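Asker: Supplied structure: structure21.pdb, PDB, C-alpha atoms.
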ATOM      1  CA  MET L   1     117.901 118.926  86.150  1.00  0.00           C
ATOM      2  CA  ASP L   2     119.547 116.705  88.735  1.00  0.00           C
ATOM      3  CA  LYS L   3     117.113 115.885  91.540  1.00  0.00           C
ATOM      4  CA  SER L   4     119.678 117.044  94.107  1.00  0.00           C
ATOM      5  CA  ASP L   5     120.061 120.573  92.606  1.00  0.00           C
ATOM      6  CA  ARG L   6     118.334 122.755  95.189  1.00  0.00           C
ATOM      7  CA  LYS L   7     119.379 126.178  93.891  1.00  0.00           C
ATOM      8  CA  ASN L   8     117.084 126.189  90.858  1.00  0.00           C
ATOM      9  CA  ALA L   9     114.575 123.618  92.073  1.00  0.00           C
ATOM     10  CA  VAL L  10     110.819 123.864  91.820  1.00  0.00           C
ATOM     11  CA  GLY L  11     108.739 122.326  94.597  1.00  0.00           C
ATOM     12  CA  VAL L  12     105.001 121.710  94.781  1.00  0.00           C
ATOM     13  CA  ALA L  13     102.857 120.818  97.808  1.00  0.00           C
ATOM     14  CA  PHE L  14      99.558 119.009  97.245  1.00  0.00           C
ATOM     15  CA  SER L  15      96.798 119.432  99.829  1.00  0.00           C
ATOM     16  CA  GLY L  16      94.418 116.767 101.048  1.00  0.00           C
ATOM     17  CA  GLY L  17      90.679 116.778 100.749  1.00  0.00           C
ATOM     18  CA  GLY L  18      89.558 113.309  99.790  1.00  0.00           C
ATOM     19  CA  LEU L  19      88.541 112.983  96.186  1.00  0.00           C
ATOM     20  CA  GLN L  20      89.293 116.678  95.675  1.00  0.00           C
ATOM     21  CA  GLY L  21      92.897 115.507  95.350  1.00  0.00           C
ATOM     22  CA  ILE L  22      92.083 114.648  91.751  1.00  0.00           C
ATOM     23  CA  ALA L  23      91.904 118.397  91.052  1.00  0.00           C
ATOM     24  CA  HIS L  24      95.697 118.459  91.401  1.00  0.00           C
ATOM     25  CA  ILE L  25      95.898 116.790  87.998  1.00  0.00           C
ATOM     26  CA  GLY L  26      94.863 120.096  86.390  1.00  0.00           C
ATOM     27  CA  ALA L  27      97.580 121.939  88.290  1.00  0.00           C
ATOM     28  CA  VAL L  28     100.179 119.420  87.115  1.00  0.00           C
ATOM     29  CA  ARG L  29      98.951 119.792  83.514  1.00  0.00           C
ATOM     30  CA  ALA L  30      99.273 123.592  83.765  1.00  0.00           C
ATOM     31  CA  LEU L  31     102.783 123.374  85.247  1.00  0.00           C
ATOM     32  CA  HIS L  32     103.924 121.009  82.494  1.00  0.00           C
ATOM     33  CA  GLU L  33     102.415 123.254  79.795  1.00  0.00           C
ATOM     34  CA  LEU L  34     104.506 126.105  81.237  1.00  0.00           C
ATOM     35  CA  GLY L  35     107.609 123.906  81.081  1.00  0.00           C
ATOM     36  CA  LEU L  36     107.811 123.547  84.861  1.00  0.00           C
ATOM     37  CA  PHE L  37     108.671 120.097  86.166  1.00  0.00           C
ATOM     38  CA  PRO L  38     109.024 119.940  89.959  1.00  0.00           C
ATOM     39  CA  GLN L  39     112.123 118.409  91.532  1.00  0.00           C
ATOM     40  CA  TYR L  40     110.395 118.298  94.933  1.00  0.00           C
ATOM     41  CA  VAL L  41     106.803 117.281  95.637  1.00  0.00           C
ATOM     42  CA  SER L  42     104.970 116.782  98.884  1.00  0.00           C
ATOM     43  CA  GLY L  43     101.452 116.017  99.922  1.00  0.00           C
ATOM     44  CA  THR L  44      99.114 115.035 102.657  1.00  0.00           C
ATOM     45  CA  SER L  45      96.124 112.715 102.526  1.00  0.00           C
ATOM     46  CA  SER L  46      94.832 112.453  98.941  1.00  0.00           C
ATOM     47  CA  GLY L  47      97.493 114.974  97.916  1.00  0.00           C
ATOM     48  CA  SER L  48     100.160 112.460  98.924  1.00  0.00           C
ATOM     49  CA  ALA L  49      98.875 110.010  96.303  1.00  0.00           C
ATOM     50  CA  MET L  50      99.018 112.730  93.637  1.00  0.00           C
ATOM     51  CA  ALA L  51     102.490 113.791  94.826  1.00  0.00           C
ATOM     52  CA  ALA L  52     103.627 110.155  94.612  1.00  0.00           C
ATOM     53  CA  LEU L  53     102.428 109.984  90.995  1.00  0.00           C
ATOM     54  CA  VAL L  54     104.350 113.163  90.116  1.00  0.00           C
ATOM     55  CA  ALA L  55     107.409 111.731  91.909  1.00  0.00           C
ATOM     56  CA  MET L  56     107.115 108.667  89.658  1.00  0.00           C
ATOM     57  CA  GLY L  57     107.367 110.954  86.643  1.00  0.00           C
ATOM     58  CA  CYS L  58     103.713 110.700  85.636  1.00  0.00           C
ATOM     59  CA  ASN L  59     102.265 113.361  83.375  1.00  0.00           C
ATOM     60  CA  ALA L  60      98.680 114.634  83.671  1.00  0.00           C
ATOM     61  CA  ARG L  61      97.339 112.005  81.230  1.00  0.00           C
ATOM     62  CA  GLU L  62      98.921 109.174  83.238  1.00  0.00           C
ATOM     63  CA  MET L  63      97.551 110.673  86.461  1.00  0.00           C
ATOM     64  CA  THR L  64      94.065 110.813  84.920  1.00  0.00           C
ATOM     65  CA  ASP L  65      94.350 107.185  83.797  1.00  0.00           C
ATOM     66  CA  PHE L  66      95.431 106.245  87.319  1.00  0.00           C
ATOM     67  CA  ALA L  67      92.486 108.113  88.883  1.00  0.00           C
ATOM     68  CA  GLU L  68      90.016 106.468  86.506  1.00  0.00           C
ATOM     69  CA  ARG L  69      91.472 102.986  87.077  1.00  0.00           C
ATOM     70  CA  TYR L  70      91.392 103.206  90.879  1.00  0.00           C
ATOM     71  CA  TRP L  71      88.362 105.487  91.363  1.00  0.00           C
ATOM     72  CA  GLU L  72      86.145 102.814  92.924  1.00  0.00           C
ATOM     73  CA  VAL L  73      88.845 101.451  95.247  1.00  0.00           C
ATOM     74  CA  LEU L  74      89.866 104.895  96.493  1.00  0.00           C
ATOM     75  CA  SER L  75      86.374 106.390  96.742  1.00  0.00           C
ATOM     76  CA  ASP L  76      84.755 103.520  98.657  1.00  0.00           C
ATOM     77  CA  PHE L  77      83.877 105.129 102.008  1.00  0.00           C
ATOM     78  CA  SER L  78      81.247 104.264 104.564  1.00  0.00           C
ATOM     79  CA  PRO L  79      80.108 107.223 106.712  1.00  0.00           C
ATOM     80  CA  ILE L  80      79.486 105.080 109.826  1.00  0.00           C
ATOM     81  CA  PRO L  81      83.174 104.347 110.628  1.00  0.00           C
ATOM     82  CA  ILE L  82      84.013 108.003 109.965  1.00  0.00           C
ATOM     83  CA  VAL L  83      81.412 109.251 112.478  1.00  0.00           C
ATOM     84  CA  THR L  84      82.475 106.598 115.011  1.00  0.00           C
ATOM     85  CA  GLN L  85      86.151 107.542 114.688  1.00  0.00           C
ATOM     86  CA  LEU L  86      85.413 111.267 114.953  1.00  0.00           C
ATOM     87  CA  ALA L  87      83.537 110.620 118.210  1.00  0.00           C
ATOM     88  CA  THR L  88      86.404 108.451 119.492  1.00  0.00           C
ATOM     89  CA  LEU L  89      88.902 111.160 118.584  1.00  0.00           C
ATOM     90  CA  LYS L  90      86.834 113.867 120.289  1.00  0.00           C
ATOM     91  CA  PHE L  91      86.558 111.990 123.579  1.00  0.00           C
ATOM     92  CA  ASN L  92      89.877 110.086 123.697  1.00  0.00           C
ATOM     93  CA  LYS L  93      92.123 112.562 121.815  1.00  0.00           C
ATOM     94  CA  LYS L  94      93.271 109.629 119.677  1.00  0.00           C
ATOM     95  CA  THR L  95      91.736 106.908 117.577  1.00  0.00           C
ATOM     96  CA  ASP L  96      92.259 103.204 117.085  1.00  0.00           C
ATOM     97  CA  LYS L  97      91.765 103.425 113.317  1.00  0.00           C
ATOM     98  CA  ASP L  98      94.480 103.634 110.656  1.00  0.00           C
ATOM     99  CA  GLY L  99      92.802 106.626 108.971  1.00  0.00           C
ATOM    100  CA  LEU L 100      89.699 107.286 106.905  1.00  0.00           C
ATOM    101  CA  LYS L 101      90.988 104.902 104.256  1.00  0.00           C
ATOM    102  CA  ASP L 102      93.005 101.807 105.128  1.00  0.00           C
ATOM    103  CA  GLY L 103      96.644 102.665 104.492  1.00  0.00           C
ATOM    104  CA  GLU L 104      97.247  99.182 103.121  1.00  0.00           C
ATOM    105  CA  VAL L 105      94.747  99.814 100.288  1.00  0.00           C
ATOM    106  CA  ILE L 106      96.457 103.056  99.305  1.00  0.00           C
ATOM    107  CA  SER L 107      99.906 101.486  99.638  1.00  0.00           C
ATOM    108  CA  ASN L 108      98.922  98.659  97.296  1.00  0.00           C
ATOM    109  CA  VAL L 109      97.556 101.096  94.714  1.00  0.00           C
ATOM    110  CA  ILE L 110     100.739 103.213  94.798  1.00  0.00           C
ATOM    111  CA  ARG L 111     102.926 100.092  94.689  1.00  0.00           C
ATOM    112  CA  GLU L 112     101.046  98.878  91.599  1.00  0.00           C
ATOM    113  CA  ALA L 113     101.579 102.267  89.928  1.00  0.00           C
ATOM    114  CA  MET L 114     105.299 102.106  90.761  1.00  0.00           C
ATOM    115  CA  ASP L 115     105.508  98.590  89.333  1.00  0.00           C
ATOM    116  CA  SER L 116     103.853  99.770  86.104  1.00  0.00           C
ATOM    117  CA  LYS L 117     106.566 102.467  85.799  1.00  0.00           C
ATOM    118  CA  GLY L 118     109.356  99.969  86.622  1.00  0.00           C
ATOM    119  CA  ILE L 119     110.253 101.753  89.878  1.00  0.00           C
ATOM    120  CA  ILE L 120     111.363  99.617  92.797  1.00  0.00           C
ATOM    121  CA  GLY L 121     111.470 101.468  96.130  1.00  0.00           C
ATOM    122  CA  PHE L 122     110.784 105.094  97.018  1.00  0.00           C
ATOM    123  CA  GLU L 123     114.497 105.886  97.027  1.00  0.00           C
ATOM    124  CA  ASN L 124     114.467 105.272  93.245  1.00  0.00           C
ATOM    125  CA  LEU L 125     111.746 107.818  92.446  1.00  0.00           C
ATOM    126  CA  PRO L 126     112.978 110.315  89.835  1.00  0.00           C
ATOM    127  CA  VAL L 127     111.514 113.261  91.809  1.00  0.00           C
ATOM    128  CA  ASN L 128     112.057 113.904  95.527  1.00  0.00           C
ATOM    129  CA  LEU L 129     108.951 113.071  97.561  1.00  0.00           C
ATOM    130  CA  SER L 130     107.811 114.006 101.065  1.00  0.00           C
ATOM    131  CA  ILE L 131     104.581 112.779 102.602  1.00  0.00           C
ATOM    132  CA  CYS L 132     103.133 114.473 105.677  1.00  0.00           C
ATOM    133  CA  THR L 133     100.667 112.614 107.864  1.00  0.00           C
ATOM    134  CA  ASN L 134      99.682 111.924 111.444  1.00  0.00           C
ATOM    135  CA  ASP L 135      99.971 108.714 113.399  1.00  0.00           C
ATOM    136  CA  THR L 136      96.298 108.223 114.283  1.00  0.00           C
ATOM    137  CA  TYR L 137      97.205 106.217 117.390  1.00  0.00           C
ATOM    138  CA  THR L 138      99.589 108.738 118.980  1.00  0.00           C
ATOM    139  CA  MET L 139      98.565 111.864 117.012  1.00  0.00           C
ATOM    140  CA  ASP L 140     102.260 112.515 116.297  1.00  0.00           C
ATOM    141  CA  GLU L 141     103.258 114.264 113.072  1.00  0.00           C
ATOM    142  CA  CYS L 142     105.037 111.944 110.636  1.00  0.00           C
ATOM    143  CA  ILE L 143     107.044 113.024 107.608  1.00  0.00           C
ATOM    144  CA  PHE L 144     108.337 110.467 105.131  1.00  0.00           C
ATOM    145  CA  THR L 145     110.910 111.568 102.565  1.00  0.00           C
ATOM    146  CA  THR L 146     112.940 110.062  99.750  1.00  0.00           C
ATOM    147  CA  GLU L 147     115.859 112.299 100.727  1.00  0.00           C
ATOM    148  CA  LYS L 148     117.819 112.193 103.950  1.00  0.00           C
ATOM    149  CA  GLU L 149     116.984 115.751 104.950  1.00  0.00           C
ATOM    150  CA  ASP L 150     116.992 117.664 108.208  1.00  0.00           C
ATOM    151  CA  ILE L 151     113.238 118.356 108.230  1.00  0.00           C
ATOM    152  CA  HIS L 152     113.451 120.631 111.270  1.00  0.00           C
ATOM    153  CA  ARG L 153     116.100 122.787 109.589  1.00  0.00           C
ATOM    154  CA  GLU L 154     113.980 122.950 106.449  1.00  0.00           C
ATOM    155  CA  ARG L 155     110.930 124.046 108.453  1.00  0.00           C
ATOM    156  CA  ARG L 156     112.832 126.783 110.282  1.00  0.00           C
ATOM    157  CA  SER L 157     114.220 128.236 107.075  1.00  0.00           C
ATOM    158  CA  ALA L 158     110.845 128.325 105.337  1.00  0.00           C
TER     159      ALA L 158
END
I need this file expressed as structure tokens, please.
Answerer:
Amino acid sequence: MDKSDRKNAVGVAFSGGGLQGIAHIGAVRALHELGLFPQYVSGTSSGSAMAALVAMGCNAREMTDFAERYWEVLSDFSPIPIVTQLATLKFNKKTDKDGLKDGEVISNVIREAMDSKGIIGFENLPVNLSICTNDTYTMDECIFTTEKEDIHRERRSA
């Protein structure tokens, strides 16, 4: 199916939750076993990494390989910065940190996965991708998409 065909499209949203995002691999496996291949995927936090893999055309086995390869890099958290940033957020209503995990680390991991699939640039992903996040400095909602879509119109019609 053409990735621009919206009438018969299947879309999947992946939630966040840290390393729980790996559980989405089972959902992708089940969808593929049923013959369902999403044309639209979205995610937030760890779900955005899983959504990006689906948007690259990865199957469940490739997603598992990815998770195993990058487990240590993606799971390396220290609780002290998290507690410090939560306190800063509580008192200042914003934080000076880029997130719980440095966005540059995640970006490099996703870029490496794209390179391994021969994909250059998000606009060339075979599946439409949207990533929902917050700017931790301003607390503004940010939505990144591979399609030029009217996000506000899409939200109102949902």
Asker: Set out as CSV a contact list for range 111-137 of chain L and range 33-44 of chain L with a cut-off of 6 Å, giving each residue of range 111-137 of chain L that qualifies its closest atom pair and distance in Å to one decimal, counting only C-alpha atoms, ordered by chain and rising residue number.
Answerer:
residue,atom,partner,partner_atom,distance
L:Val127,CA,L:Gln39,CA,5.2
L:Asn128,CA,L:Tyr40,CA,4.7
L:Leu129,CA,L:Val41,CA,5.1
L:Ser130,CA,L:Ser42,CA,4.5
L:Ile131,CA,L:Gly43,CA,5.2
L:Cys132,CA,L:Thr44,CA,5.1
L:Thr133,CA,L:Thr44,CA,5.9
Asker: On this structure, which residues satisfy the PyMOL selection byres ((chain L and resi 110-115) around 8), written as a count of residues only?
Answerer: 14
Asker: Select, from L:Thr64, L:Asn134, L:Ser45, L:Asn8, the residue with the minimum atom-to-atom distance to Gly26 in chain L, counting only C-alpha atoms.
Answerer: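 The closest residue to Gly26 in chain L is L:Thr64.
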Asker: Name the residues captured by the PyMOL selection byres ((chain L and resi 17) around 8) when it is applied to the shown file; answer as a ChimeraX atom specification.
Answerer: /L:15-16,18-21,45-47
Asker: Rounded to one decimal in Å, what is the spacing between CA of His24 in chain L and CA of Met50 in chain L?
Answerer: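 According to the coordinates, CA of His24 in chain L and CA of Met50 in chain L are separated by 7.0 Å.
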Asker: How many Å lie between CA of Glu123 in chain L and CA of Thr145 in chain L, rounded to one decimal?
Answerer: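 Computing it gives 8.7 Å between the two atoms.
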Asker: Please indicate the distance in Å from CA of Ala60 in chain L to CA of Thr146 in chain L, rounded to one decimal place.
Answerer: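 That distance, rounded to one decimal, is 22.0 Å.
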Asker: Could you give me the axis-aligned bounding box of range 40-49 of chain L, with 4 Å of padding per side, as centre plus edge lengths in Å to one decimal, as lines of an AutoDock Vina configuration file?
Answerer:
center_x = 102.6
center_y = 114.2
center_z = 98.8
size_x = 23.6
size_y = 16.3
size_z = 15.7
